[in-house]
Amino acid sequence: MKSQSGQPLEPVGLTDATIDDEFWSPRIETVRETTLDFVHERLVESGRIENFRVAAGRTEGEFQGRFYNDSDVYKWLEGACLFLATGADDDLRERVDEVVDLIAGAQEADGYLNTYFQLVEPEKKWTNLHVLHELYCAGHLFEAAVAHREATGEATLLEVATDFADHVDRRFGPDGEDGVPGHEEIELALVKLYRATDEERYLDLAQYFVDRRGAEDSRLKYEAFNPDAIAGEPYDHVVDDGEYDGRYFQDHAPLREQETVEGHAVRATYLYTGAADVALETGDEELIEVLEGLWENMTRKRMYVTGGIGSSYEGERFTEDYDLPNETAYAETCAALGSALWNQRLLRATRAARYGDLQSRTLHNALLAGLSLSGDRFFYANPHEMGRDGHPLHDVDPNRFANERQGWFRTACCPTNVPRLLASLATHVYASDDASVYVNHHIGSEATLEVADATVGVDVETSFPWDAETTVTVTPSEPATFELALRVPEWCADVSATVAGEPVDATPGEFLRVEREWAAGDAVRFEASFPVRFLGGHPNVESTAGSVAVQRGPIVYCLEGRDSPRPLHQVRLRSNGDVAVEHEPELLDGVTTLDLPALVPDQSRWEDGALYRPAAETDAEETTVRAIPYYGWANRGPDEMRVWVDAESEGPGRAE
Ligand code: ZN
């Protein structure tokens, strides 16, 4: 790997770090207290847990819901276990035990486990990899099992997982049947299982799935053209004019030959994460370089300013360069999560701050918008603009493009994904190797790491994301020489930093790195400003033309109708005026708002009732509009909303 010490950074262990942060802790508590219970109730009501009870022969019944519903149970279980690993909760533990017992009971003698196939098409297992998600569900089981062992110290679920992984390993691979998952996930899960068990076959199988995807004689392609040979139905959208188009599931070319992010955005980011995981274990620098190239394409041409990805409602997917519509921004919450995972891996591999910056942008904006402040309402799609009458496509599919978060979805991937990420947030804050401690995020927290033959306590106190003051205090068990690295986000200005009182270099967009002998109580004090930034979009992006977006620190802002004196289509922001920045502890659980100078039409010009008049005879008057963080929109009832707002001039950069 490309690092000074020749090894990738390791993330801090789940139980070796805790979050204590004014911004994140309340959200994590909401997930623990509300979201987990709420989701569990929906899993019971919707028959998702009952499917395991039926498959285990504990009751009579039929399979309920969609063929991928097992994955929601596994993801809830993983989230619950991640919380249990860091805090006892008897009631939660009881529900975890019950679900684990049902899962173990449902597993077949040869290790197979998938309630849809067991109850609906038992003779057609493994015949439709491209649609029916068996390997995807298996991956989520593996992840839940690793978390369960971590939380309980018990091997019950881990044994279920390894029995199933062995089953998959016997079936697929160079010496077995050809195949790759139609929805990636098992790749990263197999690496996780390998790390938990030291069983190299799991790493090899993950590598096989990564390398086999996009082969000329693709198994997924065969299935798409042979409906009689498979369970269920084939996808017709991967066949275009009789030609196979595998881009939807990144099966159009071997990953190492891919240069653009393509297809279903959740599938894509899970693949890139799994591939990075394989590369981190095998030291495959070529693969990391391929992934960095894909990251460049995504961040320069196919990503929203919030970090949201997958711009198309059709296929929940990446499309063309610069195709980033605001009203129909799909930007699935799960895709934001996938991007956050992928960026964590790239940071570990390369130690480049840009991956931490994007992870931070994505977490604060694209991901957090998916969960209501109350913890029991969810966005699946995350539009970046909402009209006064809601969204026209809402009637087509009420789960999409709503102006209110929904309580549940038939496809419930997003509500079950957010808890597991927030429960493991601490593992994204710190990373280390023998000679370095990395503080990747300004999030209040504590960690204990083994570095330079010492046990090093690290404590982060911070005013992020509203203000830019952070103190990192280290407490090695004995004085020890190592590098301490703190990410300086690219949105900082006026940066200054000291170590034990002495100034050190700090550059936005890079890691501040200090190598010295550290003694207990030594601290890095970091201070910067968060200027309000008016951003313009690339000229090729239609939806941002003539508009600006506003960012301060990692937070991307939006306007909601209720905070504006006029409907939002009348508002033109002035990017050269003074902005009043105010922290409002009572608003939206505490946010910093921006009062932005704006122009709106002078109404008196239109009092004669004319519908049209010469443009030269219209006039504007000055006002201010209040911007709130994008993640906080739609928490005060349905409203219109804009991330990109018309600008007074052509946007920033026009000469005055
Ligand atoms: Zn989702």
# chains A, B, ... in the order shown; residues from 1 in each chain; ligands from 1
$ residues_around --residues "Asn399 (chain A)" --least-positions-apart "5" --cutoff "12 Å" --atoms "only C-alpha atoms" --output "list in words"
Tyr313, Tyr330, Glu332, Arg377, Phe378, Phe379, Tyr380, Ala381, Asn382, His391, Leu393, His394, Glu404, Arg405, Gln406, Gly407, Trp408, Phe409, Arg410, Thr411, Ala412 and Cys414 of chain A
$ select_by_dssp --residues "region 248-400 of chain A" --states "helix (DSSP H, G or I)" --output "PyMOL selection string"
chain A and resi 248-249+255-257+265-282+285-301+314-316+333-350+353-370+392-395
$ residues_around --residues "Ala206 (chain A)" --least-positions-apart "2" --cutoff "7 Å" --atoms "only C-alpha atoms" --output "VMD selection string"
chain A and resid 187 190 to 191 202 to 204 208 to 210 278
$ write_last_selection --atoms "N, CA and C atoms" --output "PDB file, in the first residue's frame"
ATOM      1  N   GLU A 187     -19.115  -9.542  -0.895  1.00  0.00           N
ATOM      2  CA  GLU A 187     -17.664  -9.374  -1.001  1.00  0.00           C
ATOM      3  C   GLU A 187     -17.102  -8.744   0.278  1.00  0.00           C
ATOM      4  N   LEU A 190     -17.617 -11.079   3.283  1.00  0.00           N
ATOM      5  CA  LEU A 190     -16.674 -12.201   3.363  1.00  0.00           C
ATOM      6  C   LEU A 190     -15.336 -11.748   3.937  1.00  0.00           C
ATOM      7  N   VAL A 191     -14.908 -10.536   3.591  1.00  0.00           N
ATOM      8  CA  VAL A 191     -13.648 -10.036   4.154  1.00  0.00           C
ATOM      9  C   VAL A 191     -13.819  -9.823   5.659  1.00  0.00           C
ATOM     10  N   TYR A 202     -12.463 -17.491   2.870  1.00  0.00           N
ATOM     11  CA  TYR A 202     -13.461 -16.420   2.730  1.00  0.00           C
ATOM     12  C   TYR A 202     -12.879 -15.220   1.974  1.00  0.00           C
ATOM     13  N   LEU A 203     -11.614 -14.925   2.254  1.00  0.00           N
ATOM     14  CA  LEU A 203     -10.946 -13.848   1.514  1.00  0.00           C
ATOM     15  C   LEU A 203     -10.796 -14.235   0.037  1.00  0.00           C
ATOM     16  N   ASP A 204     -10.411 -15.476  -0.194  1.00  0.00           N
ATOM     17  CA  ASP A 204     -10.251 -15.953  -1.574  1.00  0.00           C
ATOM     18  C   ASP A 204     -11.571 -15.874  -2.336  1.00  0.00           C
ATOM     19  N   TYR A 208     -12.514 -13.782  -5.596  1.00  0.00           N
ATOM     20  CA  TYR A 208     -13.108 -14.417  -6.785  1.00  0.00           C
ATOM     21  C   TYR A 208     -14.327 -13.624  -7.267  1.00  0.00           C
ATOM     22  N   PHE A 209     -15.210 -13.261  -6.344  1.00  0.00           N
ATOM     23  CA  PHE A 209     -16.409 -12.510  -6.742  1.00  0.00           C
ATOM     24  C   PHE A 209     -16.036 -11.144  -7.344  1.00  0.00           C
ATOM     25  N   VAL A 210     -15.019 -10.500  -6.779  1.00  0.00           N
ATOM     26  CA  VAL A 210     -14.582  -9.195  -7.303  1.00  0.00           C
ATOM     27  C   VAL A 210     -13.993  -9.364  -8.707  1.00  0.00           C
ATOM     28  N   VAL A 278     -10.733  -6.251  -0.147  1.00  0.00           N
ATOM     29  CA  VAL A 278      -9.846  -7.306  -0.650  1.00  0.00           C
ATOM     30  C   VAL A 278      -8.440  -6.739  -0.847  1.00  0.00           C
TER      31      VAL A 278
END
$ closest_residue --among "A:Ser71, A:Ser360, A:Asn540, A:Thr15" --to "ligand 1" --atoms "only C-alpha atoms and all ligand atoms"
A:Ser71
$ atom_distance --atom1 "CA of Val96 (chain A)" --atom2 "CA of Arg58 (chain A)"
17.5 Å
$ residues_around --residues "region 168-171 of chain A" --least-positions-apart "3" --cutoff "9 Å" --atoms "only C-alpha atoms" --output "PyMOL selection string"
chain A and resi 111-112+135+138+163-165+175-178+201-202+205
$ write_last_selection --atoms "N, CA and C atoms" --output "PDB file, in the first residue's frame"
ATOM      1  N   GLY A 111     -26.189 -26.008   5.515  1.00  0.00           N
ATOM      2  CA  GLY A 111     -25.729 -24.636   5.709  1.00  0.00           C
ATOM      3  C   GLY A 111     -26.559 -23.597   4.981  1.00  0.00           C
ATOM      4  N   TYR A 112     -27.380 -24.029   4.032  1.00  0.00           N
ATOM      5  CA  TYR A 112     -28.165 -23.074   3.235  1.00  0.00           C
ATOM      6  C   TYR A 112     -29.149 -22.304   4.102  1.00  0.00           C
ATOM      7  N   LEU A 135     -27.034 -14.188  -2.489  1.00  0.00           N
ATOM      8  CA  LEU A 135     -25.685 -13.888  -1.997  1.00  0.00           C
ATOM      9  C   LEU A 135     -25.662 -12.561  -1.233  1.00  0.00           C
ATOM     10  N   ALA A 138     -26.967 -13.323   2.164  1.00  0.00           N
ATOM     11  CA  ALA A 138     -25.917 -14.041   2.897  1.00  0.00           C
ATOM     12  C   ALA A 138     -24.904 -13.051   3.468  1.00  0.00           C
ATOM     13  N   ASP A 163     -21.136 -21.699   8.541  1.00  0.00           N
ATOM     14  CA  ASP A 163     -21.726 -22.862   7.858  1.00  0.00           C
ATOM     15  C   ASP A 163     -22.275 -22.453   6.493  1.00  0.00           C
ATOM     16  N   PHE A 164     -22.924 -21.283   6.454  1.00  0.00           N
ATOM     17  CA  PHE A 164     -23.478 -20.816   5.180  1.00  0.00           C
ATOM     18  C   PHE A 164     -22.350 -20.378   4.238  1.00  0.00           C
ATOM     19  N   ALA A 165     -21.346 -19.696   4.797  1.00  0.00           N
ATOM     20  CA  ALA A 165     -20.213 -19.266   3.964  1.00  0.00           C
ATOM     21  C   ALA A 165     -19.505 -20.485   3.375  1.00  0.00           C
ATOM     22  N   ASP A 175     -13.044 -23.735  -8.588  1.00  0.00           N
ATOM     23  CA  ASP A 175     -13.196 -25.192  -8.652  1.00  0.00           C
ATOM     24  C   ASP A 175     -14.659 -25.617  -8.640  1.00  0.00           C
ATOM     25  N   GLY A 176     -15.559 -24.623  -8.624  1.00  0.00           N
ATOM     26  CA  GLY A 176     -16.973 -24.969  -8.550  1.00  0.00           C
ATOM     27  C   GLY A 176     -17.747 -24.260  -9.641  1.00  0.00           C
ATOM     28  N   GLU A 177     -18.962 -23.908  -9.288  1.00  0.00           N
ATOM     29  CA  GLU A 177     -19.857 -23.264 -10.233  1.00  0.00           C
ATOM     30  C   GLU A 177     -19.435 -21.802 -10.425  1.00  0.00           C
ATOM     31  N   ASP A 178     -19.655 -21.333 -11.649  1.00  0.00           N
ATOM     32  CA  ASP A 178     -19.363 -19.934 -11.960  1.00  0.00           C
ATOM     33  C   ASP A 178     -20.490 -19.050 -11.428  1.00  0.00           C
ATOM     34  N   ARG A 201     -10.174 -18.980   3.114  1.00  0.00           N
ATOM     35  CA  ARG A 201     -11.090 -19.286   2.001  1.00  0.00           C
ATOM     36  C   ARG A 201     -12.104 -18.168   1.790  1.00  0.00           C
ATOM     37  N   TYR A 202     -12.463 -17.491   2.870  1.00  0.00           N
ATOM     38  CA  TYR A 202     -13.461 -16.420   2.730  1.00  0.00           C
ATOM     39  C   TYR A 202     -12.879 -15.220   1.974  1.00  0.00           C
ATOM     40  N   LEU A 205     -12.655 -16.238  -1.661  1.00  0.00           N
ATOM     41  CA  LEU A 205     -13.968 -16.210  -2.323  1.00  0.00           C
ATOM     42  C   LEU A 205     -14.384 -14.769  -2.627  1.00  0.00           C
TER      43      LEU A 205
END
$ closest_residue --among "A:His364, A:Lys301, A:Lys192, A:Arg400" --to "ligand 1" --atoms "only C-alpha atoms and all ligand atoms"
A:Arg400
$ closest_residue --among "A:Met641, A:Leu280, A:Val541, A:Ala454" --to "Asp321 (chain A)" --atoms "only C-alpha atoms"
A:Val541
$ select_by_dssp --residues "region 113-293 of chain A" --states "strand (DSSP E or B)" --output "ChimeraX atom specification"
/A:172,177,239-240,243-244,264
$ write_last_selection --atoms "C-alpha atoms" --output "compact mmCIF listing (two decimals), in the first residue's frame"
# COMPACT_ATOMS: atom_id res chain seq x y z
CA PHE A 172 -18.92 -21.18 -6.18
CA GLU A 177 -19.86 -23.26 -10.23
CA VAL A 239 -31.13 -6.38 -22.25
CA ASP A 240 -31.24 -3.56 -24.76
CA GLU A 243 -27.79 -6.92 -26.44
CA TYR A 244 -26.73 -7.48 -22.85
CA HIS A 264 -27.26 0.95 -9.44
